[in-house]
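A.B. asks: Pasting start.pdb here (PDB, C-alpha atoms, pLDDT in the B column):
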ATOM      1  CA  MET L   1     -78.650  31.824  14.791  1.00 62.00           C
ATOM      2  CA  TRP L   2     -77.356  30.882  18.213  1.00 69.00           C
ATOM      3  CA  SER L   3     -74.251  33.012  17.808  1.00 71.00           C
ATOM      4  CA  GLY L   4     -76.504  35.994  17.049  1.00 69.00           C
ATOM      5  CA  PHE L   5     -78.400  35.332  20.260  1.00 71.00           C
ATOM      6  CA  LEU L   6     -75.169  35.042  22.279  1.00 74.00           C
ATOM      7  CA  LEU L   7     -73.805  38.273  20.839  1.00 72.00           C
ATOM      8  CA  ALA L   8     -77.029  40.121  21.655  1.00 71.00           C
ATOM      9  CA  LEU L   9     -76.802  38.756  25.192  1.00 72.00           C
ATOM     10  CA  GLY L  10     -73.174  39.881  25.349  1.00 70.00           C
ATOM     11  CA  ALA L  11     -74.113  43.376  24.197  1.00 67.00           C
ATOM     12  CA  CYS L  12     -76.538  43.678  27.105  1.00 63.00           C
ATOM     13  CA  LEU L  13     -74.058  42.216  29.577  1.00 66.00           C
ATOM     14  CA  CYS L  14     -71.626  44.988  28.644  1.00 61.00           C
ATOM     15  CA  ASN L  15     -73.892  47.307  30.628  1.00 61.00           C
ATOM     16  CA  VAL L  16     -73.443  45.238  33.771  1.00 58.00           C
ATOM     17  CA  VAL L  17     -69.674  44.984  33.404  1.00 56.00           C
ATOM     18  CA  PHE L  18     -69.350  48.764  33.888  1.00 55.00           C
ATOM     19  CA  PHE L  19     -69.668  48.263  37.605  1.00 55.00           C
ATOM     20  CA  ALA L  20     -66.542  46.109  37.618  1.00 55.00           C
ATOM     21  CA  ASN L  21     -64.718  49.365  36.790  1.00 55.00           C
ATOM     22  CA  PHE L  22     -61.787  47.859  34.921  1.00 60.00           C
ATOM     23  CA  PRO L  23     -59.200  50.012  33.090  1.00 60.00           C
ATOM     24  CA  GLU L  24     -60.447  49.654  29.524  1.00 65.00           C
ATOM     25  CA  GLN L  25     -64.039  50.597  30.362  1.00 71.00           C
ATOM     26  CA  ARG L  26     -64.017  53.443  27.839  1.00 74.00           C
ATOM     27  CA  ALA L  27     -64.204  50.864  25.060  1.00 77.00           C
ATOM     28  CA  LEU L  28     -67.240  49.083  26.528  1.00 80.00           C
ATOM     29  CA  PRO L  29     -70.000  51.282  25.040  1.00 83.00           C
ATOM     30  CA  TRP L  30     -68.542  50.764  21.568  1.00 84.00           C
ATOM     31  CA  LEU L  31     -68.123  47.035  22.183  1.00 82.00           C
ATOM     32  CA  SER L  32     -71.777  46.709  23.233  1.00 81.00           C
ATOM     33  CA  VAL L  33     -73.009  48.452  20.080  1.00 82.00           C
ATOM     34  CA  LEU L  34     -70.649  46.455  17.863  1.00 84.00           C
ATOM     35  CA  LEU L  35     -71.889  43.188  19.405  1.00 82.00           C
ATOM     36  CA  ALA L  36     -75.522  44.260  18.953  1.00 81.00           C
ATOM     37  CA  VAL L  37     -75.028  45.193  15.287  1.00 83.00           C
ATOM     38  CA  VAL L  38     -73.142  41.962  14.475  1.00 83.00           C
ATOM     39  CA  ALA L  39     -75.863  40.035  16.339  1.00 81.00           C
ATOM     40  CA  ILE L  40     -78.585  41.559  14.155  1.00 82.00           C
ATOM     41  CA  ILE L  41     -76.619  40.746  10.990  1.00 83.00           C
ATOM     42  CA  LEU L  42     -76.102  37.131  12.102  1.00 82.00           C
ATOM     43  CA  LEU L  43     -79.796  36.817  12.953  1.00 80.00           C
ATOM     44  CA  ALA L  44     -80.774  38.080   9.505  1.00 82.00           C
ATOM     45  CA  ILE L  45     -78.431  35.579   7.832  1.00 82.00           C
ATOM     46  CA  GLY L  46     -79.760  32.783  10.075  1.00 79.00           C
ATOM     47  CA  LEU L  47     -83.373  33.613   9.341  1.00 79.00           C
ATOM     48  CA  TRP L  48     -82.717  33.866   5.598  1.00 82.00           C
ATOM     49  CA  ARG L  49     -81.097  30.420   5.643  1.00 79.00           C
ATOM     50  CA  VAL L  50     -83.842  28.739   7.683  1.00 78.00           C
ATOM     51  CA  PHE L  51     -86.691  30.222   5.664  1.00 79.00           C
ATOM     52  CA  GLY L  52     -84.855  29.520   2.434  1.00 78.00           C
ATOM     53  CA  GLN L  53     -85.360  25.795   3.050  1.00 75.00           C
ATOM     54  CA  PRO L  54     -88.405  24.437   1.242  1.00 71.00           C
ATOM     55  CA  ARG L  55     -89.814  22.236   4.060  1.00 69.00           C
ATOM     56  CA  VAL L  56     -91.728  23.596   7.009  1.00 62.00           C
ATOM     57  CA  ASP L  57     -90.368  22.407  10.347  1.00 68.00           C
ATOM     58  CA  ARG L  58     -89.859  23.305  13.983  1.00 69.00           C
ATOM     59  CA  GLY L  59     -86.668  25.136  13.040  1.00 74.00           C
ATOM     60  CA  LYS L  60     -88.660  27.998  11.606  1.00 77.00           C
ATOM     61  CA  ILE L  61     -90.664  28.489  14.788  1.00 80.00           C
ATOM     62  CA  LEU L  62     -87.666  28.159  17.082  1.00 79.00           C
ATOM     63  CA  SER L  63     -85.554  30.543  15.033  1.00 78.00           C
ATOM     64  CA  SER L  64     -88.370  33.090  14.906  1.00 81.00           C
ATOM     65  CA  ILE L  65     -88.676  33.100  18.697  1.00 83.00           C
ATOM     66  CA  LEU L  66     -84.908  33.231  19.114  1.00 80.00           C
ATOM     67  CA  SER L  67     -84.682  36.127  16.662  1.00 82.00           C
ATOM     68  CA  LEU L  68     -87.351  38.076  18.479  1.00 84.00           C
ATOM     69  CA  VAL L  69     -85.639  37.677  21.864  1.00 83.00           C
ATOM     70  CA  SER L  70     -82.228  38.489  20.388  1.00 82.00           C
ATOM     71  CA  LEU L  71     -83.564  41.541  18.569  1.00 83.00           C
ATOM     72  CA  LEU L  72     -85.029  42.785  21.844  1.00 86.00           C
ATOM     73  CA  LEU L  73     -81.697  42.331  23.644  1.00 84.00           C
ATOM     74  CA  ALA L  74     -79.755  44.014  20.840  1.00 82.00           C
ATOM     75  CA  GLY L  75     -82.320  46.824  20.821  1.00 84.00           C
ATOM     76  CA  VAL L  76     -81.873  47.365  24.562  1.00 85.00           C
ATOM     77  CA  ALA L  77     -78.079  47.542  24.123  1.00 83.00           C
ATOM     78  CA  ILE L  78     -78.343  50.074  21.289  1.00 84.00           C
ATOM     79  CA  PHE L  79     -80.933  52.143  23.170  1.00 88.00           C
ATOM     80  CA  ALA L  80     -78.713  52.156  26.286  1.00 86.00           C
ATOM     81  CA  PHE L  81     -75.789  53.367  24.164  1.00 86.00           C
ATOM     82  CA  PHE L  82     -77.633  56.424  22.863  1.00 89.00           C
ATOM     83  CA  HIS L  83     -79.433  57.080  26.138  1.00 87.00           C
ATOM     84  CA  ALA L  84     -76.176  57.067  28.145  1.00 87.00           C
ATOM     85  CA  ARG L  85     -74.583  59.537  25.756  1.00 85.00           C
ATOM     86  CA  ALA L  86     -77.505  61.988  25.781  1.00 85.00           C
ATOM     87  CA  LEU L  87     -75.641  64.438  28.027  1.00 87.00           C
ATOM     88  CA  PRO L  88     -75.710  68.241  27.993  1.00 86.00           C
ATOM     89  CA  PRO L  89     -72.692  69.876  26.288  1.00 84.00           C
ATOM     90  CA  SER L  90     -71.707  71.763  29.499  1.00 85.00           C
ATOM     91  CA  SER L  91     -69.782  74.208  27.292  1.00 84.00           C
ATOM     92  CA  SER L  92     -69.654  76.854  30.056  1.00 85.00           C
ATOM     93  CA  ALA L  93     -68.323  74.425  32.650  1.00 87.00           C
ATOM     94  CA  PRO L  94     -64.935  75.445  34.105  1.00 90.00           C
ATOM     95  CA  GLN L  95     -62.086  74.211  31.907  1.00 90.00           C
ATOM     96  CA  VAL L  96     -58.431  73.596  32.747  1.00 92.00           C
ATOM     97  CA  GLY L  97     -56.753  76.944  33.510  1.00 92.00           C
ATOM     98  CA  GLN L  98     -60.017  78.672  34.385  1.00 92.00           C
ATOM     99  CA  LYS L  99     -61.042  79.624  37.885  1.00 92.00           C
ATOM    100  CA  ALA L 100     -63.623  77.417  39.571  1.00 91.00           C
ATOM    101  CA  PRO L 101     -66.546  79.477  40.932  1.00 92.00           C
ATOM    102  CA  ASN L 102     -66.699  79.556  44.706  1.00 92.00           C
ATOM    103  CA  PHE L 103     -69.755  78.117  46.406  1.00 92.00           C
ATOM    104  CA  THR L 104     -71.169  77.317  49.821  1.00 93.00           C
ATOM    105  CA  LEU L 105     -73.227  74.174  50.385  1.00 92.00           C
ATOM    106  CA  ALA L 106     -74.394  72.154  53.379  1.00 91.00           C
ATOM    107  CA  ASP L 107     -72.356  69.098  54.357  1.00 88.00           C
ATOM    108  CA  THR L 108     -73.927  65.900  55.716  1.00 88.00           C
ATOM    109  CA  THR L 109     -74.446  67.488  59.137  1.00 88.00           C
ATOM    110  CA  GLY L 110     -76.134  70.548  57.612  1.00 88.00           C
ATOM    111  CA  HIS L 111     -73.187  72.891  58.243  1.00 91.00           C
ATOM    112  CA  PRO L 112     -72.382  75.267  55.378  1.00 92.00           C
ATOM    113  CA  VAL L 113     -69.003  74.599  53.747  1.00 92.00           C
ATOM    114  CA  SER L 114     -67.430  76.787  51.063  1.00 92.00           C
ATOM    115  CA  LEU L 115     -64.922  75.729  48.420  1.00 91.00           C
ATOM    116  CA  ASP L 116     -62.347  78.077  49.974  1.00 90.00           C
ATOM    117  CA  GLN L 117     -62.890  76.429  53.354  1.00 89.00           C
ATOM    118  CA  LEU L 118     -61.959  73.058  51.867  1.00 89.00           C
ATOM    119  CA  PHE L 119     -58.435  74.454  51.332  1.00 87.00           C
ATOM    120  CA  ALA L 120     -58.066  75.483  54.970  1.00 83.00           C
ATOM    121  CA  PRO L 121     -55.738  73.425  57.193  1.00 76.00           C
ATOM    122  CA  ALA L 122     -57.529  70.653  59.060  1.00 68.00           C
ATOM    123  CA  ALA L 123     -58.853  71.756  62.429  1.00 60.00           C
ATOM    124  CA  GLY L 124     -57.731  70.268  65.758  1.00 58.00           C
ATOM    125  CA  ASP L 125     -54.549  68.246  66.058  1.00 57.00           C
ATOM    126  CA  SER L 126     -53.182  69.226  62.661  1.00 56.00           C
ATOM    127  CA  GLN L 127     -49.645  70.257  63.713  1.00 64.00           C
ATOM    128  CA  GLY L 128     -47.298  69.666  60.838  1.00 70.00           C
ATOM    129  CA  ILE L 129     -50.030  68.646  58.396  1.00 74.00           C
ATOM    130  CA  PRO L 130     -49.953  71.126  55.506  1.00 78.00           C
ATOM    131  CA  PRO L 131     -53.256  72.407  54.079  1.00 81.00           C
ATOM    132  CA  PRO L 132     -54.435  70.546  50.979  1.00 84.00           C
ATOM    133  CA  ARG L 133     -52.830  71.661  47.713  1.00 87.00           C
ATOM    134  CA  ALA L 134     -55.847  70.697  45.672  1.00 90.00           C
ATOM    135  CA  VAL L 135     -59.455  69.657  46.058  1.00 92.00           C
ATOM    136  CA  LEU L 136     -61.162  67.108  43.851  1.00 93.00           C
ATOM    137  CA  LEU L 137     -64.771  68.033  43.078  1.00 93.00           C
ATOM    138  CA  ILE L 138     -66.920  65.091  42.018  1.00 93.00           C
ATOM    139  CA  PHE L 139     -70.417  65.754  40.707  1.00 92.00           C
ATOM    140  CA  TYR L 140     -72.414  62.542  40.849  1.00 88.00           C
ATOM    141  CA  ARG L 141     -75.979  61.536  40.232  1.00 83.00           C
ATOM    142  CA  GLY L 142     -77.011  60.180  43.593  1.00 72.00           C
ATOM    143  CA  TYR L 143     -75.218  57.103  44.988  1.00 68.00           C
ATOM    144  CA  TRP L 144     -73.378  56.669  41.682  1.00 64.00           C
TER     145      TRP L 144
ATOM    146  CA  MET C   1     -79.085  66.830  44.565  1.00 74.00           C
ATOM    147  CA  ASP C   2     -79.718  64.543  47.540  1.00 81.00           C
ATOM    148  CA  PRO C   3     -80.564  66.343  50.799  1.00 82.00           C
ATOM    149  CA  PRO C   4     -77.867  66.177  53.543  1.00 84.00           C
ATOM    150  CA  GLU C   5     -79.672  63.354  55.402  1.00 82.00           C
ATOM    151  CA  VAL C   6     -79.525  61.012  52.406  1.00 86.00           C
ATOM    152  CA  SER C   7     -75.832  61.771  51.941  1.00 85.00           C
ATOM    153  CA  ARG C   8     -75.227  61.201  55.640  1.00 83.00           C
ATOM    154  CA  ASP C   9     -76.776  57.741  55.463  1.00 83.00           C
ATOM    155  CA  LEU C  10     -74.703  56.920  52.416  1.00 83.00           C
ATOM    156  CA  SER C  11     -71.538  58.269  54.034  1.00 82.00           C
ATOM    157  CA  ASN C  12     -72.106  56.361  57.264  1.00 80.00           C
ATOM    158  CA  LYS C  13     -72.963  53.139  55.506  1.00 83.00           C
ATOM    159  CA  ALA C  14     -69.978  53.274  53.157  1.00 85.00           C
ATOM    160  CA  GLY C  15     -67.567  54.702  55.747  1.00 83.00           C
ATOM    161  CA  TYR C  16     -66.560  57.704  53.627  1.00 84.00           C
ATOM    162  CA  THR C  17     -64.228  60.236  55.263  1.00 84.00           C
ATOM    163  CA  PHE C  18     -64.340  62.890  52.539  1.00 88.00           C
ATOM    164  CA  THR C  19     -66.714  65.853  52.570  1.00 90.00           C
ATOM    165  CA  ILE C  20     -70.050  65.296  50.854  1.00 90.00           C
ATOM    166  CA  LEU C  21     -71.981  68.470  50.051  1.00 92.00           C
ATOM    167  CA  SER C  22     -75.632  68.691  49.086  1.00 92.00           C
ATOM    168  CA  ASP C  23     -76.989  70.871  46.324  1.00 91.00           C
ATOM    169  CA  PRO C  24     -80.729  70.122  46.562  1.00 90.00           C
ATOM    170  CA  ASN C  25     -81.697  73.117  44.398  1.00 89.00           C
ATOM    171  CA  ALA C  26     -78.887  72.483  41.881  1.00 90.00           C
ATOM    172  CA  GLU C  27     -77.570  76.041  42.352  1.00 92.00           C
ATOM    173  CA  VAL C  28     -73.887  75.128  42.182  1.00 94.00           C
ATOM    174  CA  ILE C  29     -74.535  72.479  39.539  1.00 93.00           C
ATOM    175  CA  ARG C  30     -76.078  75.249  37.415  1.00 93.00           C
ATOM    176  CA  ARG C  31     -73.229  77.669  38.201  1.00 93.00           C
ATOM    177  CA  TYR C  32     -70.805  75.028  36.914  1.00 93.00           C
ATOM    178  CA  ASP C  33     -73.046  74.363  33.869  1.00 92.00           C
ATOM    179  CA  LEU C  34     -73.358  70.705  34.806  1.00 92.00           C
ATOM    180  CA  LEU C  35     -77.151  70.380  34.911  1.00 91.00           C
ATOM    181  CA  HIS C  36     -78.603  67.438  32.994  1.00 90.00           C
ATOM    182  CA  VAL C  37     -82.189  68.611  32.486  1.00 88.00           C
ATOM    183  CA  GLY C  38     -84.611  65.698  32.818  1.00 86.00           C
ATOM    184  CA  GLY C  39     -81.737  63.251  33.205  1.00 84.00           C
ATOM    185  CA  GLY C  40     -82.806  61.795  36.535  1.00 81.00           C
ATOM    186  CA  PRO C  41     -85.269  59.022  37.276  1.00 80.00           C
ATOM    187  CA  ASP C  42     -88.849  60.327  36.878  1.00 82.00           C
ATOM    188  CA  GLY C  43     -87.410  62.931  34.517  1.00 84.00           C
ATOM    189  CA  HIS C  44     -86.263  65.396  37.139  1.00 87.00           C
ATOM    190  CA  ASP C  45     -83.080  67.418  36.730  1.00 89.00           C
ATOM    191  CA  ILE C  46     -79.801  65.911  37.883  1.00 91.00           C
ATOM    192  CA  ALA C  47     -76.060  66.644  37.661  1.00 91.00           C
ATOM    193  CA  ARG C  48     -74.149  65.230  34.714  1.00 91.00           C
ATOM    194  CA  PRO C  49     -71.198  63.176  35.986  1.00 92.00           C
ATOM    195  CA  ALA C  50     -68.109  65.399  36.238  1.00 93.00           C
ATOM    196  CA  GLU C  51     -64.783  65.435  38.061  1.00 94.00           C
ATOM    197  CA  LEU C  52     -62.664  68.576  38.530  1.00 94.00           C
ATOM    198  CA  LEU C  53     -59.318  68.943  40.275  1.00 94.00           C
ATOM    199  CA  VAL C  54     -58.955  72.475  41.654  1.00 94.00           C
ATOM    200  CA  ASP C  55     -55.736  73.895  43.147  1.00 92.00           C
ATOM    201  CA  SER C  56     -55.538  76.146  46.200  1.00 89.00           C
ATOM    202  CA  SER C  57     -55.860  79.321  44.117  1.00 91.00           C
ATOM    203  CA  ARG C  58     -59.093  77.806  42.774  1.00 91.00           C
ATOM    204  CA  VAL C  59     -57.671  77.276  39.301  1.00 93.00           C
ATOM    205  CA  VAL C  60     -58.928  74.130  37.556  1.00 94.00           C
ATOM    206  CA  ARG C  61     -55.980  71.820  36.836  1.00 94.00           C
ATOM    207  CA  TRP C  62     -57.696  68.709  35.495  1.00 93.00           C
ATOM    208  CA  VAL C  63     -61.240  67.874  34.383  1.00 93.00           C
ATOM    209  CA  ASN C  64     -63.187  64.873  33.204  1.00 92.00           C
ATOM    210  CA  PHE C  65     -66.562  65.438  31.553  1.00 92.00           C
ATOM    211  CA  THR C  66     -67.574  61.990  30.401  1.00 88.00           C
ATOM    212  CA  GLU C  67     -69.466  61.469  27.145  1.00 86.00           C
ATOM    213  CA  ASP C  68     -71.193  58.393  28.530  1.00 85.00           C
ATOM    214  CA  VAL C  69     -72.825  58.246  31.977  1.00 85.00           C
ATOM    215  CA  ARG C  70     -71.609  54.669  32.333  1.00 82.00           C
ATOM    216  CA  VAL C  71     -67.958  55.664  31.977  1.00 84.00           C
ATOM    217  CA  ARG C  72     -66.560  57.606  34.949  1.00 86.00           C
ATOM    218  CA  ALA C  73     -63.088  58.726  35.945  1.00 87.00           C
ATOM    219  CA  ARG C  74     -61.342  55.912  37.759  1.00 86.00           C
ATOM    220  CA  ALA C  75     -59.668  56.450  41.129  1.00 87.00           C
ATOM    221  CA  ASP C  76     -56.204  55.820  39.648  1.00 87.00           C
ATOM    222  CA  GLU C  77     -56.792  58.452  36.935  1.00 88.00           C
ATOM    223  CA  MET C  78     -57.778  61.024  39.544  1.00 90.00           C
ATOM    224  CA  LEU C  79     -54.812  60.153  41.773  1.00 90.00           C
ATOM    225  CA  ALA C  80     -52.450  60.443  38.825  1.00 90.00           C
ATOM    226  CA  ALA C  81     -53.875  63.897  38.022  1.00 90.00           C
ATOM    227  CA  ALA C  82     -53.356  64.964  41.643  1.00 89.00           C
ATOM    228  CA  LYS C  83     -49.762  63.679  41.663  1.00 90.00           C
ATOM    229  CA  ASP C  84     -49.009  65.617  38.472  1.00 88.00           C
ATOM    230  CA  LEU C  85     -49.651  68.862  40.342  1.00 84.00           C
ATOM    231  CA  ARG C  86     -46.467  68.543  42.375  1.00 70.00           C
TER     232      ARG C  86
END
For this file, write the structure as structure tokens.

C.D. replies:
Amino acid sequence: MWSGFLLALGACLCNVVFFANFPEQRALPWLSVLLAVVAIILLAIGLWRVFGQPRVDRGKILSSILSLVSLLLAGVAIFAFFHARALPPSSSAPQVGQKAPNFTLADTTGHPVSLDQLFAPAAGDSQGIPPPRAVLLIFYRGYW
Amino acid sequence: MDPPEVSRDLSNKAGYTFTILSDPNAEVIRRYDLLHVGGGPDGHDIARPAELLVDSSRVVRWVNFTEDVRVRARADEMLAAAKDLR
């Protein structure tokens, strides 16, 4: 019973750990779902055992509450898993070997900057500094 | 999607030295087919997370289109991709 609760808690915590940004983070979504599923199985076994006992006691009430909370936590973890993966296919996005479309957008001071401009040598005291060989484009969702 | 002022605050606060561009109407995001319709808070459109390394002839050399918004390219992965270009 308690182990089911702990696993459900762990499944939810997996979502927080993403911000630690450690190397094996690709495995985290799968770990969170695995923990949630095992938690639900353990809860079911726990409940079956407690309610299988003939006498009525506090154990039944406590385990019911614990199951409800754990089920909620596991549900949140499983929902987060599917929600986070609901991304568009982006099948027409530029792939390796293809040419990236040029664009012009405003920088933080409102000045227009084009992709081609980003490859230009740095202005001012740039003697000896070669122009960049590559530009890394990062599309993000606002602050993260 | 943030307007330039929001990006400027972020950039100043975090001390970023790289160029941050704003695409408030998602024109470039659409051109790159990276629009996540209804993916933002309040259900408005937003960019899907994506990282592309482009060389000086504008050819894409490395990409990362994550399957999970929580998993992004790490700095060391992006640096390794950039080093591989040489």

A.B. asks: Name the residues captured by the ChimeraX specification (/L :<7) & /C when it is applied to the shown file; answer as number ranges by chain.

C.D. replies: C: 2, 4-5, 7-8, 19-23, 28, 32-34, 36, 46-56, 58-63, 67-71

A.B. asks: Could you work out how far atom CA of C:Asp45 lies from atom CA of L:Phe79, giving the answer in Å with one decimal?

C.D. replies: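 Going from atom CA of L:Phe79 over to atom CA of C:Asp45, I get 20.5 Å.
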
A.B. asks: Do you have the atom CA of L:Pro54-atom CA of L:Leu6 distance handy?

C.D. replies: 27.0 Å

A.B. asks: In Å, how far is it from atom CA of C:Ala75 to atom CA of C:Tyr16?

C.D. replies: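 Atom CA of C:Tyr16 lies at a distance of 14.3 Å from atom CA of C:Ala75.
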
A.B. asks: Given the file shown, determine the residues that the PyMOL selection byres ((chain L and resi 78) around 12) selects; report them as an NGL selection string.

C.D. replies: :L and (8 or 11-12 or 14-15 or 29-40 or 71-77 or 79-85)
